[in-house]
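Below: one structure, written as structure tokens.
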Amino acid sequence: MTYRRVAHVAWRRLGPETVVLDLRSKRVYALNESGGALWHALVDHGAAVAARRPGEEEFLAELVRLGIAAAAEPAAEAGETARYAVSAVHAEPPRVIWQDDIRSFGISCLQTPIQGGCQARPTT
Amino acid sequence: MGEAEARFDLGGIVIAFASPSAEWLSELGKRFRGFESATEPSFRIRYCPRKGAVAPAETIGGPMPPLVRPHPGGRGIEILGPGFAARADLEHGTAEVEGPAAVYPVDMVLRELLPALTTGVILHCALLGDGMATWACGGASGSGKSTLAALLPEHALCDELAHIADCDGRFHGRSLPYWEARPGGAPLAGIAILRHGAEHRRTPLTLPQALRALATEVVWPTFSEPAMERRFAALGRLVESVPVWQLEFAPRADVWDVITAVA
């Protein structure tokens, strides 16, 4: 099985983690270092990344379940899968280590003071 | 056209408000006092108070965010909230709002529009400053933003939302009129993620920790994927450029020394 990333995502590598924002579901995910390496292979090599190590198939399937990756068409990938560098320090299996819903932001911001919101407006 | 107009600078965007109701415009002036601008606006909002419409009572079970969706006519977006409806044409820089004779619809419409109109990010935070630098102190509801602003009134620029943007290669913080605010801004020296504590304690966050903490405190333009992508990129640049730390604080004004201490 080979995989590709979906189009409606943005991502950024920050230190050892990679953070992925699903622009459609408004959820954000943090991947550990080995998960990030696999993610960047998806990004760099398009639809030609296959699992090669323990835990990778499960991780890629998880990304598909989360909606930020998709299984690629088998016929398009015949004969060639990406070789991506995985450092020896990536001893930990790839995984999603954090996720949150960014729409959960700031509900207090919606309550204006006249609605008994996050704080009463003081008298001047 | 005969309608009065008032202009305000909100996060570097000058917005002109017009209304057939001079009384409504006067109330808006009180709401955004201090943020007036004489500069040519880049966005115009026309507000039409509906006769007989009343502001809704507090929502049952808590506030609901407005519904934002593409306008059925194909131009721009629709924002539907408690007692009001708005249509915004971002391409042409205009919006029309119908609602009761109250200003809360403008607050809710701006919360949706400003993240798309401005560069950088709009952050759920109290912004503190000393005239030379600013510090954004953010966190979820109840984390202490208003408490901190009340402890440091001489330094507090706003206690709910601030605009953080890259200007000439450096991030600047600028106050927005939510909810207790006065205009002001300066280069951003640091970002604190607040929590109440028995004593003051400042703990630096790693880049991933910083982005995680801030991602849920950014006001995202959720109706536009390209705009969200730009804000995400700006947030990444922000945490790479400005130190972020967790700040536990006791309710004492000497927290200012901890906030402004050089790392």
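Labels for the structure tokens follow display order: chains A, B, ..., residues from 1 in each chain, ligands from 1.
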
Using only C-alpha atoms, determine which residues lie at most 6 Å from Tyr3 (chain A), disregarding the query and same-chain residues fewer than 3 positions distant; provide the list as an MDAnalysis selection string.
chainID A and resid 47 49 70:72

All strand (DSSP E or B) residues (DSSP, backbone) inside region 147-221 of chain B, as a PyMOL selection string
chain B and resi 156-158+161-167+170-175+181+185-196+201-204+218

For Lys145 (chain B), list every protein, DNA or RNA residue within 7 Å, evaluated using only C-alpha atoms, and leave out those in the same chain fewer than 3 positions away; present the list as a PyMOL selection string.
chain B and resi 125-126+137-138+148-149+159

What would the file look like if the residues just selected were written as a short mmCIF file (atom, residue, chain, number, x, y, z; two decimals), in the first residue's frame with C-alpha atoms?
data_model
loop_
_atom_site.label_atom_id
_atom_site.label_comp_id
_atom_site.auth_asym_id
_atom_site.auth_seq_id
_atom_site.Cartn_x
_atom_site.Cartn_y
_atom_site.Cartn_z
CA CYS B 125 -4.28 37.54 24.96
CA ALA B 126 -3.75 40.55 27.15
CA CYS B 137 0.00 37.18 27.76
CA GLY B 138 -2.45 34.60 26.53
CA LEU B 148 -3.13 40.41 34.85
CA ALA B 149 -4.36 43.49 33.00
CA ASP B 159 -7.15 42.26 27.86
#

Return as an mmCIF file with all heavy atoms, in the first residue's frame the residues belonging to chain B that are within 8 Å of chain A, counting only C-alpha atoms.
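Written output follows (part-v6.cif):
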data_model
loop_
_atom_site.group_PDB
_atom_site.id
_atom_site.type_symbol
_atom_site.label_atom_id
_atom_site.label_comp_id
_atom_site.auth_asym_id
_atom_site.auth_seq_id
_atom_site.Cartn_x
_atom_site.Cartn_y
_atom_site.Cartn_z
ATOM 1 N N ALA B 57 -31.561 37.832 24.489
ATOM 2 C CA ALA B 57 -31.102 37.599 25.854
ATOM 3 C C ALA B 57 -29.922 36.649 25.811
ATOM 4 O O ALA B 57 -29.618 36.069 24.787
ATOM 5 C CB ALA B 57 -32.243 37.012 26.672
ATOM 6 N N GLU B 58 -29.250 36.469 26.931
ATOM 7 C CA GLU B 58 -28.107 35.562 26.965
ATOM 8 C C GLU B 58 -28.520 34.217 26.393
ATOM 9 O O GLU B 58 -29.585 33.715 26.665
ATOM 10 C CB GLU B 58 -27.637 35.367 28.412
ATOM 11 C CG GLU B 58 -26.978 36.600 28.968
ATOM 12 C CD GLU B 58 -26.376 36.321 30.319
ATOM 13 O OE1 GLU B 58 -25.850 35.212 30.516
ATOM 14 O OE2 GLU B 58 -26.453 37.186 31.196
ATOM 15 N N PRO B 63 -22.635 30.633 24.747
ATOM 16 C CA PRO B 63 -22.656 31.337 23.466
ATOM 17 C C PRO B 63 -22.417 30.373 22.308
ATOM 18 O O PRO B 63 -21.724 29.383 22.437
ATOM 19 C CB PRO B 63 -21.484 32.314 23.596
ATOM 20 C CG PRO B 63 -20.551 31.645 24.541
ATOM 21 C CD PRO B 63 -21.413 30.887 25.504
ATOM 22 N N MET B 64 -23.043 30.655 21.203
ATOM 23 C CA MET B 64 -22.792 29.891 19.994
ATOM 24 C C MET B 64 -22.032 30.779 19.038
ATOM 25 O O MET B 64 -22.347 31.949 18.888
ATOM 26 C CB MET B 64 -24.120 29.472 19.348
ATOM 27 C CG MET B 64 -24.908 28.473 20.174
ATOM 28 S SD MET B 64 -24.032 26.909 20.324
ATOM 29 C CE MET B 64 -24.105 26.320 18.644
ATOM 30 N N PRO B 65 -21.012 30.244 18.389
ATOM 31 C CA PRO B 65 -20.312 31.066 17.406
ATOM 32 C C PRO B 65 -21.232 31.339 16.238
ATOM 33 O O PRO B 65 -22.118 30.541 15.932
ATOM 34 C CB PRO B 65 -19.126 30.197 16.987
ATOM 35 C CG PRO B 65 -19.480 28.821 17.363
ATOM 36 C CD PRO B 65 -20.437 28.901 18.497
ATOM 37 N N TYR B 104 -23.124 44.838 19.464
ATOM 38 C CA TYR B 104 -22.514 43.512 19.579
ATOM 39 C C TYR B 104 -22.396 42.786 18.240
ATOM 40 O O TYR B 104 -21.444 42.026 18.029
ATOM 41 C CB TYR B 104 -23.257 42.639 20.605
ATOM 42 C CG TYR B 104 -24.565 42.057 20.099
ATOM 43 C CD1 TYR B 104 -24.576 40.846 19.403
ATOM 44 C CD2 TYR B 104 -25.767 42.727 20.291
ATOM 45 C CE1 TYR B 104 -25.756 40.328 18.911
ATOM 46 C CE2 TYR B 104 -26.950 42.208 19.798
ATOM 47 C CZ TYR B 104 -26.941 41.014 19.104
ATOM 48 O OH TYR B 104 -28.119 40.506 18.614
ATOM 49 N N ASP B 107 -19.044 43.514 16.839
ATOM 50 C CA ASP B 107 -17.976 42.760 17.505
ATOM 51 C C ASP B 107 -17.870 41.354 16.941
ATOM 52 O O ASP B 107 -16.781 40.847 16.685
ATOM 53 C CB ASP B 107 -18.245 42.693 19.010
ATOM 54 C CG ASP B 107 -17.964 44.023 19.698
ATOM 55 O OD1 ASP B 107 -16.999 44.701 19.317
ATOM 56 O OD2 ASP B 107 -18.715 44.375 20.625
ATOM 57 N N MET B 108 -19.012 40.717 16.733
ATOM 58 C CA MET B 108 -18.983 39.327 16.261
ATOM 59 C C MET B 108 -18.555 39.255 14.794
ATOM 60 O O MET B 108 -17.837 38.347 14.399
ATOM 61 C CB MET B 108 -20.354 38.677 16.470
ATOM 62 C CG MET B 108 -20.765 38.623 17.941
ATOM 63 S SD MET B 108 -22.331 37.760 18.236
ATOM 64 C CE MET B 108 -21.729 36.089 18.463
ATOM 65 N N HIS B 124 -5.613 35.576 21.237
ATOM 66 C CA HIS B 124 -6.436 35.690 22.434
ATOM 67 C C HIS B 124 -5.485 35.961 23.589
ATOM 68 O O HIS B 124 -4.880 35.030 24.136
ATOM 69 C CB HIS B 124 -7.171 34.360 22.619
ATOM 70 C CG HIS B 124 -8.256 34.370 23.633
ATOM 71 N ND1 HIS B 124 -8.658 33.223 24.282
ATOM 72 C CD2 HIS B 124 -9.045 35.357 24.110
ATOM 73 C CE1 HIS B 124 -9.648 33.519 25.111
ATOM 74 N NE2 HIS B 124 -9.899 34.796 25.016
ATOM 75 N N ALA B 140 -6.371 30.309 27.780
ATOM 76 C CA ALA B 140 -7.811 30.036 27.689
ATOM 77 C C ALA B 140 -8.575 30.932 28.668
ATOM 78 O O ALA B 140 -7.996 31.588 29.527
ATOM 79 C CB ALA B 140 -8.064 28.563 28.000
ATOM 80 N N SER B 141 -9.873 30.924 28.487
ATOM 81 C CA SER B 141 -10.724 31.687 29.379
ATOM 82 C C SER B 141 -10.480 31.245 30.819
ATOM 83 O O SER B 141 -10.440 30.041 31.104
ATOM 84 C CB SER B 141 -12.181 31.429 28.990
ATOM 85 O OG SER B 141 -13.033 32.256 29.720
ATOM 86 N N SER B 146 -7.470 38.902 32.141
ATOM 87 C CA SER B 146 -8.089 40.102 32.711
ATOM 88 C C SER B 146 -7.496 40.425 34.074
ATOM 89 O O SER B 146 -7.313 41.601 34.411
ATOM 90 C CB SER B 146 -9.599 39.902 32.835
ATOM 91 O OG SER B 146 -10.165 39.617 31.576
ATOM 92 N N GLU B 160 -8.029 41.099 25.878
ATOM 93 C CA GLU B 160 -8.705 39.966 25.250
ATOM 94 C C GLU B 160 -8.137 39.584 23.893
ATOM 95 O O GLU B 160 -7.905 38.417 23.630
ATOM 96 C CB GLU B 160 -10.199 40.264 25.111
ATOM 97 C CG GLU B 160 -11.032 39.106 24.587
ATOM 98 C CD GLU B 160 -11.241 37.988 25.590
ATOM 99 O OE1 GLU B 160 -10.923 38.152 26.779
ATOM 100 O OE2 GLU B 160 -11.720 36.911 25.178
ATOM 101 N N TRP B 179 -11.431 43.624 25.705
ATOM 102 C CA TRP B 179 -12.644 44.392 25.882
ATOM 103 C C TRP B 179 -12.317 45.707 26.549
ATOM 104 O O TRP B 179 -12.925 46.733 26.273
ATOM 105 C CB TRP B 179 -13.662 43.619 26.736
ATOM 106 C CG TRP B 179 -14.223 42.468 26.017
ATOM 107 C CD1 TRP B 179 -13.955 41.149 26.275
ATOM 108 C CD2 TRP B 179 -15.094 42.483 24.890
ATOM 109 N NE1 TRP B 179 -14.633 40.366 25.381
ATOM 110 C CE2 TRP B 179 -15.327 41.159 24.532
ATOM 111 C CE3 TRP B 179 -15.696 43.503 24.170
ATOM 112 C CZ2 TRP B 179 -16.161 40.810 23.478
ATOM 113 C CZ3 TRP B 179 -16.512 43.166 23.122
ATOM 114 C CH2 TRP B 179 -16.747 41.836 22.791
ATOM 115 N N GLU B 180 -11.333 45.681 27.473
ATOM 116 C CA GLU B 180 -10.811 46.911 28.049
ATOM 117 C C GLU B 180 -9.528 47.218 27.304
ATOM 118 O O GLU B 180 -8.577 46.430 27.354
ATOM 119 C CB GLU B 180 -10.506 46.738 29.541
ATOM 120 C CG GLU B 180 -11.746 46.619 30.392
ATOM 121 C CD GLU B 180 -12.696 47.778 30.160
ATOM 122 O OE1 GLU B 180 -12.221 48.929 30.139
ATOM 123 O OE2 GLU B 180 -13.888 47.515 29.983
ATOM 124 N N THR B 206 9.521 24.912 24.502
ATOM 125 C CA THR B 206 10.176 24.548 23.258
ATOM 126 C C THR B 206 9.308 25.037 22.093
ATOM 127 O O THR B 206 8.139 25.393 22.273
ATOM 128 C CB THR B 206 10.341 23.034 23.149
ATOM 129 O OG1 THR B 206 9.026 22.435 23.116
ATOM 130 C CG2 THR B 206 11.110 22.462 24.343
ATOM 131 N N LEU B 207 9.901 25.009 20.903
ATOM 132 C CA LEU B 207 9.137 25.452 19.725
ATOM 133 C C LEU B 207 7.829 24.664 19.558
ATOM 134 O O LEU B 207 6.768 25.272 19.361
ATOM 135 C CB LEU B 207 9.995 25.338 18.466
ATOM 136 C CG LEU B 207 11.158 26.319 18.336
ATOM 137 C CD1 LEU B 207 11.884 26.104 17.016
ATOM 138 C CD2 LEU B 207 10.688 27.748 18.460
ATOM 139 N N PRO B 208 7.895 23.331 19.618
ATOM 140 C CA PRO B 208 6.628 22.598 19.463
ATOM 141 C C PRO B 208 5.623 22.904 20.574
ATOM 142 O O PRO B 208 4.435 23.060 20.311
ATOM 143 C CB PRO B 208 7.052 21.124 19.509
ATOM 144 C CG PRO B 208 8.497 21.126 19.186
ATOM 145 C CD PRO B 208 9.036 22.395 19.715
ATOM 146 N N ALA B 215 -1.675 27.664 19.127
ATOM 147 C CA ALA B 215 -2.583 27.303 18.028
ATOM 148 C C ALA B 215 -4.045 27.406 18.442
ATOM 149 O O ALA B 215 -4.899 27.771 17.638
ATOM 150 C CB ALA B 215 -2.280 25.891 17.517
ATOM 151 N N THR B 216 -4.335 27.084 19.691
ATOM 152 C CA THR B 216 -5.724 27.138 20.145
ATOM 153 C C THR B 216 -6.091 28.509 20.692
ATOM 154 O O THR B 216 -7.216 28.708 21.139
ATOM 155 C CB THR B 216 -5.993 26.074 21.223
ATOM 156 O OG1 THR B 216 -5.004 26.183 22.250
ATOM 157 C CG2 THR B 216 -5.932 24.680 20.632
ATOM 158 N N GLU B 217 -5.162 29.442 20.660
ATOM 159 C CA GLU B 217 -5.466 30.804 21.120
ATOM 160 C C GLU B 217 -5.404 31.824 19.994
ATOM 161 O O GLU B 217 -5.487 33.025 20.222
ATOM 162 C CB GLU B 217 -4.493 31.217 22.247
ATOM 163 C CG GLU B 217 -4.564 30.313 23.473
ATOM 164 C CD GLU B 217 -5.967 30.169 24.039
ATOM 165 O OE1 GLU B 217 -6.753 31.145 23.987
ATOM 166 O OE2 GLU B 217 -6.303 29.068 24.537
ATOM 167 N N VAL B 218 -5.238 31.356 18.782
ATOM 168 C CA VAL B 218 -5.283 32.229 17.608
ATOM 169 C C VAL B 218 -6.726 32.296 17.122
ATOM 170 O O VAL B 218 -7.462 31.313 17.186
ATOM 171 C CB VAL B 218 -4.377 31.666 16.487
ATOM 172 C CG1 VAL B 218 -4.650 32.347 15.141
ATOM 173 C CG2 VAL B 218 -2.915 31.816 16.862
ATOM 174 N N VAL B 219 -7.135 33.468 16.666
ATOM 175 C CA VAL B 219 -8.445 33.605 16.030
ATOM 176 C C VAL B 219 -8.241 33.265 14.549
ATOM 177 O O VAL B 219 -7.614 34.037 13.827
ATOM 178 C CB VAL B 219 -9.021 35.024 16.180
ATOM 179 C CG1 VAL B 219 -10.440 35.076 15.617
ATOM 180 C CG2 VAL B 219 -9.008 35.447 17.635
ATOM 181 N N TRP B 220 -8.741 32.114 14.143
ATOM 182 C CA TRP B 220 -8.495 31.639 12.782
ATOM 183 C C TRP B 220 -9.609 32.084 11.834
ATOM 184 O O TRP B 220 -10.780 32.049 12.185
ATOM 185 C CB TRP B 220 -8.432 30.111 12.763
ATOM 186 C CG TRP B 220 -7.294 29.533 13.529
ATOM 187 C CD1 TRP B 220 -7.299 29.141 14.833
ATOM 188 C CD2 TRP B 220 -5.967 29.297 13.048
ATOM 189 N NE1 TRP B 220 -6.060 28.667 15.195
ATOM 190 C CE2 TRP B 220 -5.219 28.751 14.116
ATOM 191 C CE3 TRP B 220 -5.337 29.488 11.816
ATOM 192 C CZ2 TRP B 220 -3.874 28.398 13.998
ATOM 193 C CZ3 TRP B 220 -3.997 29.132 11.690
ATOM 194 C CH2 TRP B 220 -3.286 28.600 12.768
ATOM 195 N N THR B 222 -11.636 30.800 9.764
ATOM 196 C CA THR B 222 -11.998 29.426 9.425
ATOM 197 C C THR B 222 -12.808 29.297 8.145
ATOM 198 O O THR B 222 -12.987 28.203 7.639
ATOM 199 C CB THR B 222 -12.781 28.770 10.582
ATOM 200 O OG1 THR B 222 -13.879 29.615 10.936
ATOM 201 C CG2 THR B 222 -11.890 28.585 11.800
ATOM 202 N N GLU B 225 -9.663 28.665 3.570
ATOM 203 C CA GLU B 225 -8.487 27.810 3.722
ATOM 204 C C GLU B 225 -7.192 28.540 3.360
ATOM 205 O O GLU B 225 -6.192 28.394 4.079
ATOM 206 C CB GLU B 225 -8.663 26.534 2.898
ATOM 207 C CG GLU B 225 -9.734 25.608 3.483
ATOM 208 C CD GLU B 225 -9.852 24.277 2.731
ATOM 209 O OE1 GLU B 225 -8.977 23.958 1.907
ATOM 210 O OE2 GLU B 225 -10.849 23.566 2.970
ATOM 211 N N MET B 228 -6.307 30.691 6.269
ATOM 212 C CA MET B 228 -5.847 29.871 7.403
ATOM 213 C C MET B 228 -4.409 29.433 7.180
ATOM 214 O O MET B 228 -3.595 29.421 8.107
ATOM 215 C CB MET B 228 -6.737 28.642 7.575
ATOM 216 C CG MET B 228 -8.058 28.943 8.251
ATOM 217 S SD MET B 228 -9.017 27.460 8.577
ATOM 218 C CE MET B 228 -7.943 26.544 9.646
ATOM 219 N N GLU B 229 -4.097 29.067 5.948
ATOM 220 C CA GLU B 229 -2.736 28.617 5.652
ATOM 221 C C GLU B 229 -1.740 29.753 5.886
ATOM 222 O O GLU B 229 -0.644 29.525 6.443
ATOM 223 C CB GLU B 229 -2.657 28.116 4.203
ATOM 224 C CG GLU B 229 -1.395 27.362 3.890
ATOM 225 C CD GLU B 229 -1.475 26.580 2.591
ATOM 226 O OE1 GLU B 229 -2.537 26.598 1.932
ATOM 227 O OE2 GLU B 229 -0.467 25.946 2.246
ATOM 228 N N PHE B 232 -1.261 30.170 9.624
ATOM 229 C CA PHE B 232 -0.469 29.073 10.169
ATOM 230 C C PHE B 232 1.010 29.334 9.930
ATOM 231 O O PHE B 232 1.853 29.134 10.807
ATOM 232 C CB PHE B 232 -0.914 27.755 9.532
ATOM 233 C CG PHE B 232 -0.193 26.549 10.053
ATOM 234 C CD1 PHE B 232 -0.370 26.112 11.359
ATOM 235 C CD2 PHE B 232 0.674 25.826 9.236
ATOM 236 C CE1 PHE B 232 0.284 24.990 11.841
ATOM 237 C CE2 PHE B 232 1.330 24.696 9.706
ATOM 238 C CZ PHE B 232 1.137 24.284 11.006
ATOM 239 N N ALA B 233 1.339 29.802 8.729
ATOM 240 C CA ALA B 233 2.724 30.137 8.417
ATOM 241 C C ALA B 233 3.207 31.282 9.310
ATOM 242 O O ALA B 233 4.332 31.253 9.823
ATOM 243 C CB ALA B 233 2.856 30.516 6.938
ATOM 244 N N GLY B 236 3.913 29.976 12.773
ATOM 245 C CA GLY B 236 5.186 29.260 12.815
ATOM 246 C C GLY B 236 6.356 30.221 12.890
ATOM 247 O O GLY B 236 7.291 30.028 13.683
#

Please determine, counting only C-alpha atoms, which residue among A:Leu42, A:Ile68, A:Pro93, A:Glu33 has the shortest atom-to-atom distance to Glu56 (chain A).
A:Pro93

Considering only C-alpha atoms, return as a CSV table (one decimal) with N, CA and C atoms, in the first residue's frame whatever protein or nucleic-acid residues lie within 9 Å of Leu214 (chain B), sequence-local ones (same chain, fewer than 6 positions apart) excluded.
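The resulting file, part-v7.csv, is shown below:
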chain,number,residue,atom,x,y,z
B,123,LEU,N,-4.4,37.2,18.3
B,123,LEU,CA,-4.2,36.3,19.4
B,123,LEU,C,-5.1,36.6,20.6
B,124,HIS,N,-5.6,35.6,21.2
B,124,HIS,CA,-6.4,35.7,22.4
B,124,HIS,C,-5.5,36.0,23.6
B,138,GLY,N,-1.3,35.3,27.0
B,138,GLY,CA,-2.4,34.6,26.5
B,138,GLY,C,-2.8,33.4,27.3
B,139,GLY,N,-4.0,32.8,26.9
B,139,GLY,CA,-4.4,31.6,27.5
B,139,GLY,C,-5.9,31.5,27.4
B,193,ILE,N,2.2,32.2,28.3
B,193,ILE,CA,1.0,31.4,28.4
B,193,ILE,C,0.7,31.4,29.9
B,235,LEU,N,2.1,32.0,12.3
B,235,LEU,CA,2.2,31.5,13.6
B,235,LEU,C,3.6,30.8,13.8
B,239,VAL,N,6.6,31.8,16.5
B,239,VAL,CA,7.2,31.1,17.6
B,239,VAL,C,8.7,30.8,17.4

Just the alpha helix (DSSP H) stuff from region 42-255 of chain B, please, per backbone DSSP, written as a ChimeraX atom specification.
/B:104-117,145-151,207-215,225-241,255

Which residues, written as number ranges by chain, have at least one atom at most 6 Å from Thr134 (chain B), with only C-alpha atoms counted and residues fewer than 6 positions away on the same chain left out?
B: 128, 186-189

Would you output that residue set with all heavy atoms, as a compact mmCIF listing (two decimals), in the first residue's frame?
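Result written to part-v6.txt:
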# COMPACT_ATOMS: atom_id res chain seq x y z
N LEU B 128 0.54 43.74 27.07
CA LEU B 128 1.13 44.69 28.00
C LEU B 128 2.28 45.40 27.32
O LEU B 128 2.95 44.80 26.46
CB LEU B 128 1.64 43.98 29.25
CG LEU B 128 0.67 43.03 29.96
CD1 LEU B 128 1.36 42.36 31.15
CD2 LEU B 128 -0.57 43.77 30.41
N ALA B 186 4.00 48.02 19.99
CA ALA B 186 5.46 48.12 19.99
C ALA B 186 6.02 46.76 19.61
O ALA B 186 5.27 45.77 19.59
CB ALA B 186 5.96 48.56 21.37
N PRO B 187 7.31 46.67 19.33
CA PRO B 187 7.89 45.36 19.05
C PRO B 187 7.60 44.37 20.17
O PRO B 187 7.62 44.72 21.35
CB PRO B 187 9.39 45.66 18.95
CG PRO B 187 9.45 47.08 18.48
CD PRO B 187 8.30 47.76 19.16
N LEU B 188 7.32 43.12 19.76
CA LEU B 188 6.92 42.08 20.71
C LEU B 188 8.16 41.42 21.30
O LEU B 188 8.97 40.86 20.57
CB LEU B 188 6.06 41.05 19.98
CG LEU B 188 5.36 39.99 20.83
CD1 LEU B 188 4.32 40.63 21.74
CD2 LEU B 188 4.70 38.94 19.95
N ALA B 189 8.28 41.51 22.62
CA ALA B 189 9.47 40.97 23.28
C ALA B 189 9.28 39.54 23.76
O ALA B 189 10.26 38.81 23.96
CB ALA B 189 9.86 41.86 24.47

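For the pair CA of Phe43 (chain B) and CA of Val14 (chain B), the separation is 6.7 Å.
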
Near Asn32 (chain A), counting only C-alpha atoms, which residues have an atom at most 6 Å away, once you skip same-chain residues fewer than 3 positions from it, shown as a PyMOL selection string?
chain A and resi 17+35-36+95

CA of Thr260 (chain B) to CA of Gly129 (chain B), straight-line distance in Å:
9.5 Å

Skip region 172-174 of chain B itself and residues of its chain fewer than 5 positions away, then list as JSON, numbers by chain all residues within 12 Å of it, counting only C-alpha atoms.
{"B": [9, 10, 11, 12, 13, 35, 118, 119, 120, 121, 122, 123, 125, 126, 127, 128, 129, 130, 131, 132, 133, 134, 135, 136, 137, 156, 157, 158, 159, 160, 161, 162, 163, 164, 165, 166, 167, 181, 182, 183, 184, 185, 186, 187, 188, 189, 190, 191, 238, 241, 242]}
